[in-house]
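Listing of query25.tsv, TSV, C-alpha atoms
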```tsv
chain	number	residue	atom	x	y	z
T	5	MET	CA	50.54	31.35	58.88
T	6	ALA	CA	50.30	34.98	60.05
T	7	ILE	CA	47.84	37.25	58.23
T	8	MET	CA	49.54	40.29	56.72
T	9	SER	CA	48.18	43.78	57.28
T	10	PRO	CA	47.32	45.94	54.23
T	11	THR	CA	50.63	47.79	54.70
T	12	GLU	CA	52.56	44.51	54.77
T	13	GLN	CA	50.68	43.27	51.70
T	14	ALA	CA	51.58	46.46	49.82
T	15	HIS	CA	55.22	46.03	50.82
T	16	ALA	CA	55.22	42.40	49.65
T	17	ARG	CA	53.72	43.37	46.27
T	18	ARG	CA	56.22	46.17	45.79
T	19	THR	CA	59.12	43.87	46.68
T	20	LEU	CA	57.93	41.23	44.20
T	21	LEU	CA	57.52	43.77	41.38
T	22	LEU	CA	60.92	45.26	42.13
T	23	ALA	CA	62.53	41.81	42.09
T	24	GLN	CA	61.00	41.13	38.67
T	25	ALA	CA	62.17	44.51	37.32
T	26	ILE	CA	65.72	43.95	38.60
T	27	GLU	CA	65.81	40.50	37.03
T	28	ARG	CA	64.87	41.98	33.65
T	29	ALA	CA	66.87	45.20	33.62
T	30	VAL	CA	69.94	44.97	35.84
T	31	PRO	CA	73.20	43.93	34.15
T	32	ALA	CA	75.35	41.00	35.19
T	33	PRO	CA	77.53	41.27	38.32
T	34	GLY	CA	80.77	43.20	38.08
T	35	GLU	CA	84.33	41.92	38.06
T	36	PRO	CA	85.57	39.71	40.94
T	37	PHE	CA	87.48	41.27	43.83
T	38	PRO	CA	88.88	39.89	47.12
T	39	CYS	CA	86.08	39.03	49.52
T	40	PRO	CA	86.10	41.43	52.52
T	41	TYR	CA	84.49	38.86	54.81
T	42	LEU	CA	85.91	35.40	54.06
T	43	SER	CA	89.63	34.94	53.54
T	44	GLY	CA	90.79	33.41	50.28
T	45	ARG	CA	87.52	34.00	48.43
T	46	THR	CA	86.48	36.39	45.70
T	47	ALA	CA	83.28	38.41	45.54
T	48	ARG	CA	81.13	40.06	42.87
T	49	ASN	CA	78.35	42.62	43.24
T	50	THR	CA	75.23	43.56	41.35
T	51	THR	CA	74.87	47.35	41.65
T	52	LEU	CA	72.06	49.88	41.17
T	53	LEU	CA	72.50	53.63	40.83
T	54	VAL	CA	69.35	55.73	41.14
T	55	SER	CA	69.28	59.42	42.08
T	56	SER	CA	66.14	59.21	44.25
T	57	TYR	CA	63.75	56.65	45.70
T	58	LEU	CA	60.11	56.75	46.70
T	59	PRO	CA	59.44	55.82	50.34
T	60	GLY	CA	59.28	52.06	50.72
T	61	VAL	CA	61.47	51.18	47.73
T	62	TYR	CA	64.66	51.11	49.80
T	63	HIS	CA	62.95	48.81	52.30
T	64	SER	CA	62.05	46.46	49.43
T	65	LEU	CA	65.65	46.55	48.22
T	66	MET	CA	66.85	45.48	51.66
T	67	ASP	CA	64.37	42.61	51.53
T	68	LEU	CA	66.03	41.66	48.24
T	69	ASN	CA	69.43	41.62	50.00
T	70	PHE	CA	70.67	45.01	48.77
T	71	ARG	CA	72.85	47.29	50.90
T	72	ARG	CA	73.51	51.03	50.40
T	73	LEU	CA	76.95	52.59	49.81
T	74	GLY	CA	76.69	56.30	49.00
T	75	HIS	CA	74.38	56.59	46.00
T	76	LEU	CA	74.95	52.94	45.09
T	77	PHE	CA	72.91	49.94	46.15
T	78	TYR	CA	74.70	46.63	45.86
T	79	ARG	CA	73.96	42.95	46.34
T	80	PRO	CA	76.63	40.22	46.47
T	81	ARG	CA	76.32	37.79	43.54
T	82	CYS	CA	79.34	35.62	44.13
T	83	ASP	CA	80.18	32.45	42.21
T	84	GLY	CA	79.28	29.43	44.32
T	85	CYS	CA	78.61	31.43	47.52
T	86	ASP	CA	75.56	33.08	49.05
T	87	ALA	CA	76.92	33.65	52.57
T	88	CYS	CA	76.12	37.40	52.76
T	89	ARG	CA	72.58	37.62	54.11
T	90	MET	CA	70.65	40.62	55.41
T	91	ILE	CA	69.88	40.51	59.15
T	92	ARG	CA	67.24	42.49	61.04
T	93	VAL	CA	65.79	42.86	64.55
T	94	PRO	CA	62.00	42.77	65.10
T	95	VAL	CA	61.98	45.78	67.40
T	96	GLU	CA	58.97	45.09	69.61
T	97	GLU	CA	60.11	41.55	70.37
T	98	PHE	CA	63.70	42.47	71.24
T	99	ARG	CA	64.77	41.87	74.82
T	100	PRO	CA	68.32	42.84	75.85
T	101	SER	CA	70.60	40.25	77.38
T	102	ARG	CA	72.24	40.78	80.75
T	103	ALA	CA	75.47	41.92	79.04
T	104	GLN	CA	73.54	44.34	76.84
T	105	ARG	CA	71.75	45.81	79.87
T	106	ARG	CA	75.13	46.33	81.53
T	107	CYS	CA	76.41	48.05	78.38
T	108	TRP	CA	73.41	50.39	78.42
T	109	THR	CA	74.03	51.25	82.07
T	110	ARG	CA	77.76	51.90	81.53
T	111	ASN	CA	76.92	54.52	78.91
T	112	ARG	CA	74.22	56.43	80.76
T	113	ASP	CA	76.59	59.40	81.04
T	114	LEU	CA	76.76	59.86	77.26
T	115	SER	CA	74.85	62.64	75.54
T	116	VAL	CA	73.26	61.44	72.29
T	117	GLU	CA	72.02	63.73	69.53
T	118	LEU	CA	70.14	62.74	66.38
T	119	GLY	CA	70.29	65.04	63.38
T	120	GLN	CA	71.26	65.47	59.76
T	121	PRO	CA	74.66	64.05	58.75
T	122	VAL	CA	77.32	66.76	58.83
T	123	LEU	CA	80.95	66.06	57.93
T	124	THR	CA	83.47	67.75	60.26
T	125	ASP	CA	87.20	67.50	60.87
T	126	GLU	CA	86.49	66.16	64.37
T	127	LYS	CA	84.45	63.27	62.94
T	128	HIS	CA	87.04	62.55	60.26
T	129	GLU	CA	89.77	62.31	62.91
T	130	LEU	CA	87.66	59.86	64.93
T	131	TYR	CA	86.99	57.84	61.77
T	132	GLY	CA	90.74	57.65	61.12
T	133	ARG	CA	91.48	56.41	64.65
T	134	TYR	CA	88.73	53.83	64.35
T	135	LEU	CA	90.04	52.50	61.04
T	136	SER	CA	93.62	52.32	62.32
T	137	LEU	CA	92.73	49.86	65.09
T	138	ARG	CA	89.45	48.23	64.12
T	139	HIS	CA	89.48	47.77	60.35
T	140	ASP	CA	91.20	45.38	57.94
T	141	GLY	CA	93.04	48.01	55.89
T	142	THR	CA	90.80	47.90	52.81
T	143	MET	CA	89.70	51.51	53.47
T	144	ASP	CA	92.23	54.31	53.32
T	145	GLY	CA	90.50	56.79	55.64
T	146	SER	CA	90.86	59.73	53.24
T	147	LEU	CA	88.47	62.68	53.41
T	148	GLN	CA	87.17	61.82	49.93
T	149	GLU	CA	86.44	58.22	50.94
T	150	PHE	CA	84.84	59.39	54.19
T	151	GLN	CA	82.50	61.76	52.36
T	152	ARG	CA	81.60	59.30	49.61
T	153	PHE	CA	81.06	56.42	52.03
T	154	LEU	CA	79.04	58.08	54.80
T	155	TYR	CA	78.07	61.61	53.80
T	156	THR	CA	76.55	60.98	50.38
T	157	SER	CA	73.01	59.60	50.20
T	158	SER	CA	69.94	59.52	47.95
T	159	VAL	CA	67.55	58.45	50.76
T	160	GLU	CA	66.52	59.93	54.11
T	161	THR	CA	69.62	59.60	56.27
T	162	VAL	CA	70.31	60.65	59.86
T	163	GLU	CA	73.36	60.75	62.09
T	164	VAL	CA	73.66	59.76	65.76
T	165	VAL	CA	76.41	61.63	67.63
T	166	CYS	CA	77.55	60.46	71.09
T	167	ARG	CA	79.70	62.53	73.44
T	168	ALA	CA	81.23	61.99	76.86
T	169	GLY	CA	81.24	65.56	78.10
T	170	GLU	CA	82.74	67.52	75.20
T	171	LYS	CA	84.61	64.53	73.76
T	172	LEU	CA	83.22	62.91	70.62
T	173	VAL	CA	83.22	59.15	71.22
T	174	ALA	CA	80.90	57.63	68.59
T	175	VAL	CA	79.07	58.50	65.40
T	176	SER	CA	76.66	56.33	63.48
T	177	VAL	CA	74.79	56.84	60.23
T	178	ALA	CA	71.35	55.33	59.63
T	179	ASP	CA	68.73	55.40	56.88
T	180	LEU	CA	65.01	55.84	57.55
T	181	GLU	CA	62.08	54.21	55.80
T	182	PRO	CA	58.38	54.30	56.78
T	183	LEU	CA	58.60	50.79	58.27
T	184	ALA	CA	62.32	50.34	59.02
T	185	MET	CA	65.62	51.85	60.03
T	186	SER	CA	68.87	50.65	58.47
T	187	ALA	CA	72.13	50.91	60.42
T	188	VAL	CA	74.62	51.98	57.73
T	189	TYR	CA	77.86	52.32	59.70
T	190	CYS	CA	79.18	53.18	63.15
T	191	TYR	CA	82.66	54.46	63.96
T	192	PHE	CA	83.77	55.10	67.50
T	193	GLU	CA	86.69	55.79	69.82
T	194	PRO	CA	88.77	52.57	69.75
T	195	TYR	CA	90.55	53.44	73.01
T	196	LEU	CA	87.39	52.99	75.10
T	197	PRO	CA	86.79	49.22	74.81
T	198	SER	CA	85.02	48.94	78.17
T	199	ARG	CA	82.12	51.03	76.88
T	200	SER	CA	81.27	48.59	74.02
T	201	LEU	CA	80.17	51.55	71.93
T	202	GLY	CA	79.15	49.45	68.93
T	203	THR	CA	76.70	47.51	71.08
T	204	PHE	CA	75.44	50.69	72.72
T	205	ASN	CA	74.80	52.20	69.29
T	206	ILE	CA	72.56	49.31	68.24
T	207	LEU	CA	70.68	49.38	71.54
T	208	TRP	CA	70.10	53.11	71.12
T	209	MET	CA	68.83	52.61	67.55
T	210	ILE	CA	66.42	49.91	68.72
T	211	GLU	CA	65.00	52.39	71.23
T	212	GLU	CA	64.75	55.05	68.52
T	213	CYS	CA	62.85	52.59	66.32
T	214	ARG	CA	60.44	52.01	69.20
T	215	ARG	CA	59.98	55.76	69.62
T	216	ARG	CA	59.21	56.12	65.90
T	217	ARG	CA	57.10	52.92	65.87
T	218	LEU	CA	59.31	51.34	63.20
T	219	PRO	CA	58.92	47.53	63.20
T	220	TYR	CA	62.45	46.63	62.10
T	221	LEU	CA	66.06	47.65	62.54
T	222	TYR	CA	68.21	46.30	59.70
T	223	LEU	CA	71.84	45.61	60.63
T	224	GLY	CA	73.29	45.01	57.17
T	225	PHE	CA	74.88	41.75	56.11
T	226	PHE	CA	75.48	38.77	58.35
T	227	VAL	CA	78.08	36.18	57.30
T	228	ARG	CA	77.90	33.08	59.46
T	229	ASP	CA	81.61	32.23	59.25
T	230	CYS	CA	82.89	35.81	59.65
T	231	HIS	CA	84.00	36.38	63.24
T	232	GLN	CA	83.64	40.18	63.00
T	233	MET	CA	79.93	39.85	62.24
T	234	ARG	CA	78.89	37.47	64.99
T	235	TYR	CA	77.88	40.32	67.31
T	236	LYS	CA	74.88	41.04	65.07
T	237	SER	CA	73.24	37.74	65.96
T	238	ASN	CA	73.42	38.63	69.68
T	239	PHE	CA	70.42	40.98	69.37
T	240	LEU	CA	67.57	38.55	69.91
T	241	PRO	CA	65.31	37.70	68.39
T	242	CYS	CA	66.85	38.41	65.02
T	243	GLU	CA	65.84	37.35	61.53
T	244	ILE	CA	68.11	36.40	58.63
T	245	LEU	CA	67.12	36.55	54.96
T	246	THR	CA	67.47	33.22	53.16
T	247	PRO	CA	68.67	32.94	49.55
T	248	GLU	CA	65.03	32.13	48.68
T	249	GLY	CA	63.84	35.45	50.14
T	250	ARG	CA	62.32	34.18	53.41
T	251	TRP	CA	63.08	35.59	56.85
T	252	ILE	CA	64.06	32.94	59.39
T	253	ARG	CA	65.24	33.01	62.98
T	254	PRO	CA	68.51	31.27	63.88
T	255	GLY	CA	67.78	27.97	65.57
T	256	SER	CA	64.44	27.50	63.83
T	257	SER	CA	63.64	24.38	61.81
T	258	ASP	CA	64.65	26.32	58.68
T	259	THR	CA	68.33	26.47	57.80
T	260	LEU	CA	70.43	28.74	55.66
T	261	SER	CA	72.16	27.35	52.63
T	262	ALA	CA	75.75	26.36	53.26
T	263	SER	CA	78.24	29.08	52.40
```

Represent the structure of the file as structure tokens.
Amino acid sequence: MAIMSPTEQAHARRTLLLAQAIERAVPAPGEPFPCPYLSGRTARNTTLLVSSYLPGVYHSLMDLNFRRLGHLFYRPRCDGCDACRMIRVPVEEFRPSRAQRRCWTRNRDLSVELGQPVLTDEKHELYGRYLSLRHDGTMDGSLQEFQRFLYTSSVETVEVVCRAGEKLVAVSVADLEPLAMSAVYCYFEPYLPSRSLGTFNILWMIEECRRRRLPYLYLGFFVRDCHQMRYKSNFLPCEILTPEGRWIRPGSSDTLSAS
């Protein structure tokens, strides 16, 4: 068994204390709603709303299977289902596949800028085009939704803006913690499929994590039987959070609970 560093030990203690506090103080999950990932199922979420977080707390929440949406942090607590599991990439161990290396090469002409999230009409128009062709219709694409979803945050959040010449082709939002980056959302030009901009975005974030010496890039939820999420498991090695709170690698002797 690997020996944890003092920083890792502190993170483990904080995560355990936070789990105990949530168990005592957080109310029951909300009302059921149609599952966005698995057809014919319903979902329920446990939610937290806190105006600000100390560094490290958000990382612990991710290790407790919480995801951020604006000021809210939510964790699926569905009846009879625990399919939504956090997935992350151990940055230093990641090695791109041949297809991922080709994707990186195809996008060498892009200019990429990292900065504070700024809502603009140009970005909203791109978001609308992305939703029209790449989403399931559960989001309406309104300016209010756009702002609440991606441009409202109570943690340290950055924005990655990609351009081909002057043309905006991709924007992604990510959260920063002392030991991790969390990929919140990426929207991109849907009429440029050959670029594989979603894949390029993750590859770029992995490199940014390396530059910042962040051990992990969190990719949000992974649902084994959801086709739209399978791409996340292509960034190897990856680790998936079990319902018991352990991180395992797909194909290991450990297995996830059946969904």

With stretch 91-95 of chain T as the partner and 10 Å as the cut-off, tabulate the residues of stretch 99-192 of chain T that qualify, each row holding the nearest pair of atoms and their distance in Å to one decimal, using all atoms listed in the file, sorted by chain and rising number, as JSON lines.
```
{"residue": "T:Arg99", "atom": "CA", "partner": "T:Val95", "partner_atom": "CA", "distance": 8.8}
{"residue": "T:Ala184", "atom": "CA", "partner": "T:Arg92", "partner_atom": "CA", "distance": 9.5}
{"residue": "T:Met185", "atom": "CA", "partner": "T:Arg92", "partner_atom": "CA", "distance": 9.6}
{"residue": "T:Ser186", "atom": "CA", "partner": "T:Arg92", "partner_atom": "CA", "distance": 8.7}
{"residue": "T:Ala187", "atom": "CA", "partner": "T:Arg92", "partner_atom": "CA", "distance": 9.8}
```

Subject >> Residue with smallest distance to T:Lys171 - pool T:Tyr155, T:Met209, T:Lys127, T:Ser43, counting all atoms listed in the file >> reply: T:Lys127

**OP:** Pick out the residues sitting within 10 Å of T:Gly84, and hand them over as JSON, numbers by chain; count all atoms listed in the file, and ignore anything fewer than 2 positions along from it in its own chain.
**Re:** {"T": [47, 81, 82, 86, 87, 263]}

Original post:
Need the neighbours of (64.5, 47.5, 50.2): which residues are at most 10 Å away, counting all atoms listed in the file, as a ChimeraX atom specification?
Top reply: /T:15,18-19,22,59-72,77,181,184,186

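Checking T:Asp83, T:Asp144, T:Asp113, T:Asp179 one by one against T:Val159, counting all atoms listed in the file, you find the shortest gap at T:Asp179.
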
Subject >> Separation of atom CA of T:Cys39 from atom CA of T:Gly224, in Å and rounded to one decimal >> reply: 16.1 Å

Original post:
So how far away is atom CA of T:Arg79 from atom CA of T:Leu58, in Å?
Top reply: 19.6 Å

**OP:** Just the residues within 10 Å of T:Leu123, please, counting only C-alpha atoms, with nothing from its chain fewer than 5 positions along; format it as a PyMOL selection string.
**Re:** chain T and resi 128+147+150-151+154-155

Selection to disk with C-alpha atoms, as a compact mmCIF listing (two decimals), in the frame of the given file:
```
# COMPACT_ATOMS: atom_id res chain seq x y z
CA HIS T 128 87.04 62.55 60.26
CA LEU T 147 88.47 62.68 53.41
CA PHE T 150 84.84 59.39 54.19
CA GLN T 151 82.50 61.76 52.36
CA LEU T 154 79.04 58.08 54.80
CA TYR T 155 78.07 61.61 53.80
```

Original post:
Looking at T:Tyr131, T:Phe37, T:Phe239, T:Tyr191, which one is nearest to T:Val175, with distances taken over only C-alpha atoms?
Top reply: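 Nearest candidate to T:Val175 out of T:Tyr131, T:Phe37, T:Phe239, T:Tyr191: T:Tyr191.
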
Original post:
Which residue out of T:Arg102, T:Val165, T:Gly249, T:Arg45 has the minimum interatomic distance to T:Ala23 when all atoms listed in the file are used?
Top reply: T:Gly249

Subject >> Among the residues T:Lys236, T:Arg133, T:Arg89, T:His75, the one that comes closest to T:Tyr195 [using all atoms listed in the file] >> reply: T:Arg133
